[in-house]
file structure.csv (CSV, C-alpha atoms and all ligand atoms)
chain,number,residue,atom,x,y,z
A,20,MET,CA,112.8,33.5,52.9
A,21,ASN,CA,109.3,34.5,54.1
A,22,ARG,CA,109.3,36.8,57.1
A,23,PRO,CA,106.6,39.0,58.7
A,24,ALA,CA,106.3,42.2,56.7
A,25,SER,CA,107.5,45.4,58.4
A,26,ARG,CA,104.2,47.2,57.8
A,27,SER,CA,100.5,46.3,57.5
A,28,PRO,CA,99.1,45.8,54.0
A,29,LYS,CA,97.1,49.0,54.5
A,30,ALA,CA,100.3,51.0,55.4
A,31,ALA,CA,102.0,49.4,52.3
A,32,VAL,CA,99.2,50.7,50.1
A,33,GLU,CA,99.5,54.2,51.6
A,34,ALA,CA,103.2,54.1,51.1
A,35,ALA,CA,102.8,53.0,47.5
A,36,VAL,CA,100.5,55.9,46.6
A,37,GLU,CA,102.7,58.4,48.4
A,38,ALA,CA,105.8,57.1,46.5
A,39,ALA,CA,104.1,57.0,43.1
A,40,ARG,CA,103.7,60.8,43.2
A,41,TRP,CA,107.5,61.1,42.7
A,42,ALA,CA,107.6,59.3,39.4
A,43,PRO,CA,108.8,61.3,36.4
A,44,SER,CA,106.1,62.5,34.0
A,45,VAL,CA,106.2,64.4,30.8
A,46,HIS,CA,106.3,68.2,31.6
A,47,ASN,CA,105.5,67.1,35.2
A,48,THR,CA,101.9,66.6,34.2
A,49,GLN,CA,101.4,63.9,36.8
A,50,PRO,CA,98.7,62.3,34.6
A,51,TRP,CA,97.5,59.8,37.1
A,52,THR,CA,94.9,59.1,39.8
A,53,PHE,CA,94.7,56.4,42.4
A,54,ALA,CA,91.6,54.8,43.8
A,55,VAL,CA,92.2,52.7,47.0
A,56,THR,CA,89.6,50.0,47.8
A,57,GLY,CA,90.6,48.0,50.8
A,58,GLU,CA,94.1,46.8,50.1
A,59,GLU,CA,93.9,47.3,46.3
A,60,ILE,CA,95.1,50.4,44.3
A,61,SER,CA,93.6,51.2,40.9
A,62,LEU,CA,96.0,53.3,38.8
A,63,ARG,CA,94.1,55.3,36.3
A,64,ALA,CA,95.2,57.6,33.5
A,65,ASP,CA,94.1,61.2,34.0
A,66,THR,CA,93.5,62.0,30.3
A,67,GLU,CA,92.5,65.6,31.2
A,68,ARG,CA,96.3,66.0,31.7
A,69,LYS,CA,97.3,64.6,28.3
A,70,LEU,CA,99.4,66.8,26.0
A,71,ARG,CA,96.9,67.1,23.2
A,72,VAL,CA,99.4,68.5,20.7
A,73,SER,CA,102.6,66.7,21.4
A,74,ASP,CA,101.1,63.4,22.7
A,75,ALA,CA,97.8,63.0,21.0
A,76,GLU,CA,97.9,59.2,21.3
A,77,GLY,CA,98.8,59.3,25.0
A,78,ARG,CA,102.1,57.4,24.6
A,79,GLU,CA,104.1,59.7,26.9
A,80,LEU,CA,101.1,59.8,29.3
A,81,LEU,CA,101.3,56.0,29.6
A,82,ILE,CA,105.1,56.0,29.9
A,83,SER,CA,104.7,58.4,32.8
A,84,CYS,CA,102.0,56.1,34.4
A,85,GLY,CA,104.3,53.1,33.8
A,86,ALA,CA,106.9,54.9,35.8
A,87,ALA,CA,104.4,55.5,38.6
A,88,LEU,CA,103.5,51.8,38.5
A,89,PHE,CA,107.1,50.7,38.9
A,90,THR,CA,107.4,53.1,41.8
A,91,MET,CA,104.3,51.6,43.5
A,92,ARG,CA,105.7,48.1,43.0
A,93,THR,CA,109.0,49.1,44.6
A,94,ALA,CA,107.3,50.8,47.5
A,95,ILE,CA,105.2,47.7,48.2
A,96,ARG,CA,108.3,45.5,48.1
A,97,ARG,CA,110.1,47.9,50.5
A,98,ALA,CA,107.1,47.6,52.8
A,99,GLY,CA,107.7,43.8,52.9
A,100,TYR,CA,105.2,42.4,50.3
A,101,GLU,CA,105.4,40.9,46.9
A,102,PRO,CA,103.2,43.3,44.7
A,103,VAL,CA,100.4,41.5,42.8
A,104,VAL,CA,99.7,43.5,39.6
A,105,ARG,CA,97.1,43.2,36.9
A,106,VAL,CA,97.9,45.4,33.9
A,107,MET,CA,95.0,46.8,31.9
A,108,PRO,CA,92.6,44.4,33.6
A,109,ASP,CA,89.4,45.6,31.8
A,110,PRO,CA,89.3,46.1,28.0
A,111,ASP,CA,86.2,48.1,28.5
A,112,ARG,CA,87.9,50.6,30.7
A,113,PRO,CA,91.2,51.6,28.9
A,114,ALA,CA,91.9,54.3,31.4
A,115,LEU,CA,92.2,51.7,34.2
A,116,LEU,CA,95.9,51.0,33.7
A,117,ALA,CA,96.6,48.6,36.5
A,118,VAL,CA,95.3,47.2,39.8
A,119,VAL,CA,98.0,46.6,42.4
A,120,LYS,CA,97.9,45.0,45.8
A,121,PRO,CA,100.3,43.7,48.4
A,122,GLY,CA,100.6,39.9,48.1
A,123,ALA,CA,102.8,37.5,50.1
A,124,ALA,CA,105.1,38.9,52.8
A,125,VAL,CA,108.7,38.9,51.6
A,126,GLU,CA,111.7,40.5,53.2
A,127,PRO,CA,112.9,43.3,50.9
A,128,ASP,CA,116.4,42.6,49.6
A,129,GLU,CA,119.2,45.1,49.3
A,130,GLY,CA,118.4,45.9,45.6
A,131,VAL,CA,114.9,46.9,46.5
A,132,SER,CA,116.0,49.1,49.4
A,133,LEU,CA,118.6,50.7,47.1
A,134,LEU,CA,116.0,51.6,44.5
A,135,ALA,CA,113.4,52.7,47.0
A,136,ALA,CA,115.8,55.1,48.7
A,137,GLU,CA,116.0,57.1,45.4
A,138,ILE,CA,112.3,57.5,44.7
A,139,GLU,CA,112.1,61.0,46.2
A,140,ARG,CA,115.8,61.9,45.6
A,141,ARG,CA,115.9,61.3,41.8
A,142,ARG,CA,115.7,64.4,39.6
A,143,THR,CA,115.7,65.1,35.9
A,144,HIS,CA,118.9,66.9,34.7
A,145,ARG,CA,118.7,69.6,32.0
A,146,ALA,CA,122.3,70.5,30.9
A,147,GLY,CA,125.7,68.9,30.2
A,148,PHE,CA,127.3,66.5,32.7
A,149,THR,CA,130.7,66.6,34.4
A,150,GLY,CA,133.3,64.6,32.6
A,151,LEU,CA,133.2,61.9,35.4
A,152,PRO,CA,132.7,58.5,33.7
A,153,VAL,CA,129.6,56.4,34.1
A,154,PRO,CA,130.9,53.0,35.0
A,155,GLU,CA,130.5,50.4,32.2
A,156,ARG,CA,129.3,47.8,34.7
A,157,LEU,CA,126.5,50.1,35.8
A,158,VAL,CA,125.4,50.7,32.3
A,159,GLU,CA,125.3,46.9,31.7
A,160,ALA,CA,123.2,46.5,34.9
A,161,LEU,CA,120.8,49.2,33.7
A,162,VAL,CA,120.4,47.4,30.4
A,163,LYS,CA,119.5,44.2,32.2
A,164,GLY,CA,117.1,46.0,34.5
A,165,ALA,CA,115.3,47.6,31.6
A,166,GLN,CA,115.0,44.2,29.9
A,167,ALA,CA,113.5,42.6,33.0
A,168,GLU,CA,110.6,45.2,32.7
A,169,GLY,CA,110.0,44.6,29.0
A,170,GLY,CA,112.0,47.4,27.5
A,171,ARG,CA,115.4,47.5,25.7
A,172,LEU,CA,117.9,50.1,26.7
A,173,THR,CA,120.6,50.6,24.0
A,174,PRO,CA,123.6,52.7,24.9
A,175,VAL,CA,124.6,54.5,21.7
A,176,ALA,CA,128.4,54.4,21.5
A,177,ALA,CA,129.2,55.2,17.9
A,178,PRO,CA,130.0,59.0,17.6
A,179,ASP,CA,128.2,59.2,14.2
A,180,ALA,CA,125.0,57.7,15.7
A,181,VAL,CA,125.2,60.1,18.7
A,182,ALA,CA,125.6,63.0,16.3
A,183,VAL,CA,122.5,61.9,14.3
A,184,LEU,CA,120.5,61.8,17.5
A,185,ALA,CA,121.7,65.2,18.6
A,186,ALA,CA,121.0,66.7,15.2
A,187,LEU,CA,117.5,65.2,15.2
A,188,THR,CA,116.8,66.6,18.7
A,189,ARG,CA,117.9,70.0,17.6
A,190,ALA,CA,115.8,69.8,14.4
A,191,ALA,CA,112.7,68.7,16.4
A,192,GLN,CA,113.2,71.4,19.0
A,193,ALA,CA,113.6,74.1,16.4
A,194,VAL,CA,110.5,73.0,14.5
A,195,GLN,CA,108.4,72.8,17.7
A,196,ALA,CA,109.7,76.2,18.8
A,197,GLN,CA,108.3,77.7,15.5
A,198,ASP,CA,105.0,76.0,16.0
A,199,ARG,CA,102.5,78.0,18.1
A,200,ARG,CA,100.5,75.0,19.2
A,201,PHE,CA,103.6,73.2,20.5
A,202,SER,CA,104.9,76.4,22.2
A,203,LEU,CA,101.6,77.1,23.9
A,204,GLU,CA,101.5,73.6,25.3
A,205,VAL,CA,105.0,73.9,26.7
A,206,ILE,CA,104.2,77.3,28.2
A,207,ARG,CA,101.0,75.8,29.8
A,208,TRP,CA,103.3,73.4,31.8
A,209,ALA,CA,106.1,75.8,32.5
A,210,ARG,CA,106.0,77.5,35.9
A,211,PRO,CA,107.3,81.1,36.4
A,212,PRO,CA,109.7,81.6,39.4
A,213,GLY,CA,107.8,81.7,42.7
A,214,SER,CA,104.7,79.9,41.3
A,215,LYS,CA,102.8,78.0,43.9
A,216,ARG,CA,101.5,75.4,41.4
A,217,ALA,CA,102.2,71.8,42.3
A,218,ASP,CA,102.7,70.5,38.8
A,219,GLY,CA,104.6,71.6,35.7
A,220,VAL,CA,108.3,72.3,35.4
A,221,PRO,CA,109.6,74.8,37.9
A,222,ALA,CA,112.1,77.5,37.0
A,223,GLY,CA,114.4,75.9,39.6
A,224,ALA,CA,114.6,72.7,37.6
A,225,TYR,CA,116.9,73.9,34.8
A,226,PRO,CA,119.8,76.3,34.4
A,227,ARG,CA,119.1,79.7,32.7
A,228,GLU,CA,122.0,79.3,30.2
A,229,PRO,CA,123.6,75.8,30.3
A,230,ALA,CA,126.9,75.4,28.6
A,231,PRO,CA,126.4,73.5,25.3
A,232,THR,CA,127.6,69.9,25.0
A,233,GLU,CA,129.4,68.6,21.9
A,234,PRO,CA,127.4,67.3,20.1
A,235,HIS,CA,124.6,69.4,21.5
A,236,PHE,CA,121.3,68.0,22.5
A,237,ALA,CA,118.7,70.8,22.5
A,238,GLN,CA,116.8,71.3,25.7
A,239,ARG,CA,113.1,72.0,25.9
A,240,ASP,CA,112.5,75.7,26.2
A,241,TYR,CA,110.5,75.8,29.4
A,242,SER,CA,111.5,79.4,30.0
A,243,TRP,CA,110.2,80.5,26.6
A,244,ARG,CA,111.8,84.0,26.1
A,245,HIS,CA,111.4,84.9,29.8
A,246,GLY,CA,114.9,84.1,30.9
A,247,TRP,CA,113.6,81.9,33.7
A,248,GLY,CA,115.9,79.2,35.2
A,249,SER,CA,118.1,78.9,38.2
A,250,GLY,CA,121.7,80.1,37.8
A,251,ASN,CA,123.8,79.3,34.7
A,252,GLY,CA,124.7,75.7,35.7
A,253,ASP,CA,128.2,74.4,36.0
A,254,PRO,CA,130.2,76.0,33.2
A,255,GLY,CA,132.5,73.0,33.1
A,256,ALA,CA,129.6,70.6,32.7
A,257,THR,CA,129.9,70.1,28.9
A,258,SER,CA,129.9,66.3,28.6
A,259,THR,CA,127.0,64.7,26.7
A,260,GLY,CA,127.3,61.7,29.0
A,261,VAL,CA,126.2,58.2,27.9
A,262,VAL,CA,123.5,58.5,25.2
A,263,ALA,CA,120.9,55.8,25.3
A,264,VAL,CA,117.6,54.9,23.6
A,265,LEU,CA,114.8,52.9,25.3
A,266,THR,CA,112.8,50.9,22.8
A,267,THR,CA,110.0,48.3,22.9
A,268,PRO,CA,109.2,45.6,20.3
A,269,GLY,CA,105.7,46.8,19.8
A,270,ASP,CA,103.9,50.2,20.2
A,271,THR,CA,100.7,49.4,22.1
A,272,PRO,CA,99.5,50.9,25.4
A,273,GLU,CA,100.9,47.8,27.1
A,274,ASP,CA,104.3,48.5,25.5
A,275,TRP,CA,104.2,52.1,26.7
A,276,LEU,CA,103.4,51.0,30.3
A,277,ALA,CA,106.3,48.5,30.0
A,278,ALA,CA,108.6,51.3,28.7
A,279,GLY,CA,107.6,53.5,31.7
A,280,GLN,CA,108.4,50.7,34.2
A,281,SER,CA,111.7,50.0,32.5
A,282,LEU,CA,112.5,53.7,32.5
A,283,GLN,CA,111.8,54.2,36.2
A,284,ARG,CA,113.8,51.1,37.1
A,285,VAL,CA,116.8,52.5,35.1
A,286,LEU,CA,116.5,55.9,36.6
A,287,LEU,CA,116.3,54.7,40.2
A,288,HIS,CA,119.1,52.3,39.8
A,289,ALA,CA,121.3,54.9,38.1
A,290,SER,CA,120.4,57.5,40.8
A,291,ALA,CA,121.5,55.0,43.5
A,292,TYR,CA,125.0,55.2,42.0
A,293,GLY,CA,125.0,59.0,41.7
A,294,VAL,CA,124.1,59.0,38.0
A,295,SER,CA,121.4,61.3,36.7
A,296,ALA,CA,119.4,61.4,33.4
A,297,ALA,CA,118.5,64.1,31.0
A,298,PHE,CA,115.6,63.4,28.5
A,299,HIS,CA,115.2,64.6,24.9
A,300,THR,CA,111.8,63.4,23.7
A,301,GLN,CA,111.0,66.1,21.1
A,302,VAL,CA,111.9,63.8,18.2
A,303,LEU,CA,109.5,61.1,19.4
A,304,GLU,CA,106.6,63.6,19.3
A,305,MET,CA,106.9,64.0,15.5
A,306,SER,CA,105.7,60.8,13.9
A,307,HIS,CA,107.9,61.1,10.8
A,308,LEU,CA,111.1,61.7,12.8
A,309,ARG,CA,110.2,58.9,15.2
A,310,GLU,CA,109.7,56.5,12.3
A,311,PHE,CA,113.1,57.6,10.8
A,312,LEU,CA,114.8,56.9,14.1
A,313,ARG,CA,113.0,53.5,14.4
A,314,GLU,CA,114.2,52.4,11.0
A,315,GLU,CA,117.7,53.9,11.0
A,316,LEU,CA,118.9,53.5,14.6
A,317,CYS,CA,116.6,51.2,16.5
A,318,SER,CA,116.6,48.1,14.3
A,319,GLY,CA,112.9,48.4,13.8
A,320,GLU,CA,112.0,48.6,17.5
A,321,TYR,CA,109.9,51.5,18.7
A,322,PRO,CA,111.8,54.3,20.4
A,323,GLN,CA,110.1,55.4,23.6
A,324,MET,CA,112.7,57.6,25.3
A,325,ILE,CA,116.0,59.3,24.3
A,326,MET,CA,118.2,60.0,27.3
A,327,ARG,CA,121.7,61.0,28.4
A,328,LEU,CA,123.2,59.5,31.6
A,329,GLY,CA,125.9,61.2,33.5
A,330,ILE,CA,127.2,62.7,36.7
A,331,THR,CA,126.1,66.2,37.9
A,332,PHE,CA,126.3,68.0,41.2
A,333,ASP,CA,123.6,70.6,40.5
A,334,ASP,CA,120.6,71.0,42.8
A,335,LYS,CA,117.2,70.8,41.2
A,336,ASP,CA,113.7,71.7,42.4
A,337,ALA,CA,110.9,69.3,42.2
A,338,VAL,CA,107.2,69.7,42.9
A,339,ARG,CA,104.3,67.3,43.2
A,340,ARG,CA,100.6,67.4,44.0
A,341,PRO,CA,99.6,66.2,47.4
A,342,VAL,CA,98.1,62.7,47.8
A,343,GLU,CA,94.6,64.1,48.5
A,344,ASP,CA,94.5,65.6,45.0
A,345,LEU,CA,95.4,62.2,43.4
A,346,LEU,CA,92.8,60.0,45.0
A,347,GLY,CA,90.0,59.4,42.5
B,401,LIG,C1,107.7,60.4,28.9
B,401,LIG,C2,108.5,61.5,29.5
B,401,LIG,C3,109.1,62.5,28.6
B,401,LIG,C4,109.9,63.5,29.1
B,401,LIG,N1,110.5,64.4,28.2
B,401,LIG,C5,111.4,65.3,28.6
B,401,LIG,C6,112.0,66.2,27.7
B,401,LIG,O1,111.9,66.1,26.5
B,401,LIG,N2,112.9,67.2,28.3
B,401,LIG,C7,113.0,67.3,29.6
B,401,LIG,O2,113.8,68.2,30.0
B,401,LIG,N3,112.4,66.5,30.5
B,401,LIG,C8,111.6,65.5,30.0
B,401,LIG,N4,111.0,64.6,30.9
B,401,LIG,C9,111.2,64.8,32.4
B,401,LIG,C10,110.0,65.5,33.1
B,401,LIG,O3,110.0,66.9,32.7
B,401,LIG,C11,110.2,65.4,34.6
B,401,LIG,O4,110.1,64.0,34.9
B,401,LIG,C12,109.2,66.1,35.4
B,401,LIG,O5,109.4,67.5,35.2
B,401,LIG,C13,109.4,65.9,36.9
B,401,LIG,O6,110.6,66.3,37.4
B,401,LIG,P1,111.6,65.2,38.0
B,401,LIG,O7,111.9,64.1,37.0
B,401,LIG,O8,112.9,66.0,38.3
B,401,LIG,O9,111.0,64.7,39.3
B,401,LIG,C14,110.2,63.6,30.5
B,401,LIG,C15,109.6,62.6,31.3
B,401,LIG,C16,108.8,61.6,30.8
B,401,LIG,C17,108.2,60.6,31.8
call {"tool": "encode", "arguments": {"input": "structure.csv", "output": "structure tokens"}}
result
Amino acid sequence: MNRPASRSPKAAVEAAVEAARWAPSVHNTQPWTFAVTGEEISLRADTERKLRVSDAEGRELLISCGAALFTMRTAIRRAGYEPVVRVMPDPDRPALLAVVKPGAAVEPDEGVSLLAAEIERRRTHRAGFTGLPVPERLVEALVKGAQAEGGRLTPVAAPDAVAVLAALTRAAQAVQAQDRRFSLEVIRWARPPGSKRADGVPAGAYPREPAPTEPHFAQRDYSWRHGWGSGNGDPGATSTGVVAVLTTPGDTPEDWLAAGQSLQRVLLHASAYGVSAAFHTQVLEMSHLREFLREELCSGEYPQMIMRLGITFDDKDAVRRPVEDLLG
């Protein structure tokens, strides 16, 4: 049913940019800028913020921007408009990822309000989960939600397959930790306790010594020999949770943007039901390991994200740059 929107189109645009800041991004690089012209937002990739060692192609950068795009769409819906989106509208300007504007006035439904309420609340988890189960019906709904955005979320149930993913993650983490170029890049985006920076991963966003899970999925070493981190986490939180891989049929910039939109839809939906996600993308940053995973575990589809979903009661810090810094 069409009803008058609750906000003006201009207010919807402002709300969309404000909301997009809270999207997840690799190492919290926030690799995006927004240009507002009238009632239209241009989302651009900020390639200065690309991870040149671990993400030379810009795949993770575009997944991050895809998450920001889904967030903008959700905020525009919540403001009472159908978002009108053109993805990669100009082949001559590959950094222009999408142009978004509020279209017809539409009353936001319950599903939209549910997702929108999580935009600022959702946080990445970096440890084991409590043993509380993730409802199967929720996982089924997450799979459907990812599909609606062009990605495929596959929960990995077989213990052998979970063990392979965990082993690959540990191997990739160990190799990256030995490699000076990878290590320097992680350090560049890791924030010491008390840092005033508004990007990067804060020390309050991960426990100092999380209890290992079985099988164990290696965490990124954001504290890199400094012993940073907040507390030791919940010692009883040793559950791996539900392991899932997000894939796309192709591996083009459009696929990466779709993966990011699928990802954020999954994360907001999960968060609305008290379920958090942990990410382990080290494997996907090493082309030979990623190819192995694609062939052996992803039926030939391209893996874009490896995650664990579960329940946690830990508090986590989050930082974002102010809107003024993002307007290009
Ligand atoms: C493409 C992508 C890859 C990521 N990879 C990892 C990862 O390997 N390990 C991790 O702990 N977090 C990972 N993250 C989560 C980011 O570090 C996180 O989104 C960012 O620090 C902002 O924090 P927040 O999600 O709590 O708001 C990834 C996020 C994205 C979008």
call {"tool": "closest_residue", "arguments": {"input": "structure.csv", "among": "A:Met305, A:Leu345, A:Ala196, A:Val183", "to": "Asp218 in chain A", "atoms": "all atoms listed in the file"}}
result
A:Leu345
call {"tool": "residues_near_ligand", "arguments": {"input": "structure.csv", "ligand": "ligand LIG 401 (chain B)", "cutoff": "7 Å", "atoms": "only C-alpha atoms and all ligand atoms", "output": "ChimeraX atom specification"}}
result
/A:41-47,79-80,82-83,141-143,145,219-220,224,238-239,297-301,324,337
call {"tool": "atom_distance", "arguments": {"input": "structure.csv", "atom1": "CA of Val294 in chain A", "atom2": "CA of Met91 in chain A"}}
result
21.8 Å
call {"tool": "residues_around", "arguments": {"input": "structure.csv", "residues": "Ala75 in chain A", "least_positions_apart": "3", "cutoff": "12 Å", "atoms": "all atoms listed in the file", "output": "CSV table (one decimal) with C-alpha atoms, keeping the file's coordinate frame"}}
result
chain,number,residue,atom,x,y,z
A,66,THR,CA,93.5,62.0,30.3
A,67,GLU,CA,92.5,65.6,31.2
A,68,ARG,CA,96.3,66.0,31.7
A,69,LYS,CA,97.3,64.6,28.3
A,70,LEU,CA,99.4,66.8,26.0
A,71,ARG,CA,96.9,67.1,23.2
A,72,VAL,CA,99.4,68.5,20.7
A,78,ARG,CA,102.1,57.4,24.6
A,79,GLU,CA,104.1,59.7,26.9
A,80,LEU,CA,101.1,59.8,29.3
A,81,LEU,CA,101.3,56.0,29.6
A,201,PHE,CA,103.6,73.2,20.5
A,303,LEU,CA,109.5,61.1,19.4
A,304,GLU,CA,106.6,63.6,19.3
A,305,MET,CA,106.9,64.0,15.5
A,306,SER,CA,105.7,60.8,13.9
call {"tool": "closest_residue", "arguments": {"input": "structure.csv", "among": "A:Ala277, A:Pro212, A:His235, A:Ala193", "to": "Leu116 in chain A", "atoms": "all atoms listed in the file"}}
result
A:Ala277
call {"tool": "atom_distance", "arguments": {"input": "structure.csv", "atom1": "CA of Ala278 in chain A", "atom2": "CA of Ile138 in chain A"}}
result
17.6 Å
call {"tool": "atom_distance", "arguments": {"input": "structure.csv", "atom1": "CA of Thr149 in chain A", "atom2": "CA of Gly255 in chain A"}}
result
6.8 Å
call {"tool": "residues_around", "arguments": {"input": "structure.csv", "residues": "range 310-314 of chain A", "least_positions_apart": "5", "cutoff": "10 Å", "atoms": "all atoms listed in the file", "output": "ChimeraX atom specification"}}
result
/A:183-184,187,266,302-303,305,319-323
call {"tool": "residues_near_point", "arguments": {"input": "structure.csv", "point": "(125.4, 60.4, 41.8)", "cutoff": "12 Å", "atoms": "all atoms listed in the file", "output": "ChimeraX atom specification"}}
result
/A:137,140-142,144,148-149,151-154,157,286-296,328-334
call {"tool": "write_last_selection", "arguments": {"input": "structure.csv", "atoms": "C-alpha atoms", "output": "JSON list (two decimals), in the coordinates of the input"}}
result
[["chain", "number", "residue", "atom", "x", "y", "z"],
["A", 137, "GLU", "CA", 116.00, 57.10, 45.40],
["A", 140, "ARG", "CA", 115.80, 61.90, 45.60],
["A", 141, "ARG", "CA", 115.90, 61.30, 41.80],
["A", 142, "ARG", "CA", 115.70, 64.40, 39.60],
["A", 144, "HIS", "CA", 118.90, 66.90, 34.70],
["A", 148, "PHE", "CA", 127.30, 66.50, 32.70],
["A", 149, "THR", "CA", 130.70, 66.60, 34.40],
["A", 151, "LEU", "CA", 133.20, 61.90, 35.40],
["A", 152, "PRO", "CA", 132.70, 58.50, 33.70],
["A", 153, "VAL", "CA", 129.60, 56.40, 34.10],
["A", 154, "PRO", "CA", 130.90, 53.00, 35.00],
["A", 157, "LEU", "CA", 126.50, 50.10, 35.80],
["A", 286, "LEU", "CA", 116.50, 55.90, 36.60],
["A", 287, "LEU", "CA", 116.30, 54.70, 40.20],
["A", 288, "HIS", "CA", 119.10, 52.30, 39.80],
["A", 289, "ALA", "CA", 121.30, 54.90, 38.10],
["A", 290, "SER", "CA", 120.40, 57.50, 40.80],
["A", 291, "ALA", "CA", 121.50, 55.00, 43.50],
["A", 292, "TYR", "CA", 125.00, 55.20, 42.00],
["A", 293, "GLY", "CA", 125.00, 59.00, 41.70],
["A", 294, "VAL", "CA", 124.10, 59.00, 38.00],
["A", 295, "SER", "CA", 121.40, 61.30, 36.70],
["A", 296, "ALA", "CA", 119.40, 61.40, 33.40],
["A", 328, "LEU", "CA", 123.20, 59.50, 31.60],
["A", 329, "GLY", "CA", 125.90, 61.20, 33.50],
["A", 330, "ILE", "CA", 127.20, 62.70, 36.70],
["A", 331, "THR", "CA", 126.10, 66.20, 37.90],
["A", 332, "PHE", "CA", 126.30, 68.00, 41.20],
["A", 333, "ASP", "CA", 123.60, 70.60, 40.50],
["A", 334, "ASP", "CA", 120.60, 71.00, 42.80]]
call {"tool": "residues_around", "arguments": {"input": "structure.csv", "residues": "Ala180 in chain A", "least_positions_apart": "5", "cutoff": "10 Å", "atoms": "only C-alpha atoms", "output": "list of chain:residue names"}}
result
A:Val175, A:Ala185, A:Ala186, A:Val262, A:Glu315, A:Leu316
call {"tool": "closest_residue", "arguments": {"input": "structure.csv", "among": "A:Leu161, A:Ser25, A:Pro229, A:Arg284", "to": "Thr173 in chain A", "atoms": "only C-alpha atoms"}}
result
A:Leu161
call {"tool": "closest_residue", "arguments": {"input": "structure.csv", "among": "A:Gln280, A:Thr48, A:Ser318, A:Ser214", "to": "Ala86 in chain A", "atoms": "only C-alpha atoms"}}
result
A:Gln280
call {"tool": "closest_residue", "arguments": {"input": "structure.csv", "among": "A:Arg97, A:His245, A:Arg189, A:Arg105", "to": "Ala209 in chain A", "atoms": "all atoms listed in the file"}}
result
A:His245
call {"tool": "closest_residue", "arguments": {"input": "structure.csv", "among": "A:Ile95, A:Ala30, A:Leu88, A:Val125", "to": "Glu168 in chain A", "atoms": "only C-alpha atoms"}}
result
A:Leu88
call {"tool": "residues_near_point", "arguments": {"input": "structure.csv", "point": "(100.0, 49.3, 27.2)", "cutoff": "10 Å", "atoms": "all atoms listed in the file", "output": "PyMOL selection string"}}
result
chain A and resi 78+81-82+85+106-107+113+116-117+269-279
call {"tool": "residues_around", "arguments": {"input": "structure.csv", "residues": "Val119 in chain A", "least_positions_apart": "2", "cutoff": "12 Å", "atoms": "all atoms listed in the file", "output": "ChimeraX atom specification"}}
result
/A:28,31-32,35-36,53-63,87-96,100-108,115-117,121-122
call {"tool": "decode", "arguments": {"input": "structure.csv", "residues": "range 105-123 of chain A", "atoms": "C-alpha atoms", "output": "short mmCIF file (atom, residue, chain, number, x, y, z; two decimals), in the first residue's frame"}}
result
data_model
loop_
_atom_site.label_atom_id
_atom_site.label_comp_id
_atom_site.auth_asym_id
_atom_site.auth_seq_id
_atom_site.Cartn_x
_atom_site.Cartn_y
_atom_site.Cartn_z
CA ARG A 105 21.92 1.70 -10.61
CA VAL A 106 24.92 -0.54 -10.03
CA MET A 107 28.14 0.40 -11.86
CA PRO A 108 26.32 2.84 -14.10
CA ASP A 109 29.36 4.10 -16.03
CA PRO A 110 31.91 1.63 -17.49
CA ASP A 111 34.36 4.52 -17.89
CA ARG A 112 34.27 5.21 -14.15
CA PRO A 113 34.80 1.84 -12.42
CA ALA A 114 35.15 3.48 -9.00
CA LEU A 115 31.54 4.73 -9.25
CA LEU A 116 29.92 1.65 -7.76
CA ALA A 117 26.30 2.70 -7.52
CA VAL A 118 23.89 5.59 -7.75
CA VAL A 119 21.02 5.40 -5.28
CA LYS A 120 17.96 7.58 -4.77
CA PRO A 121 14.61 7.38 -2.99
CA GLY A 122 11.85 6.37 -5.43
CA ALA A 123 8.15 5.76 -4.75
#
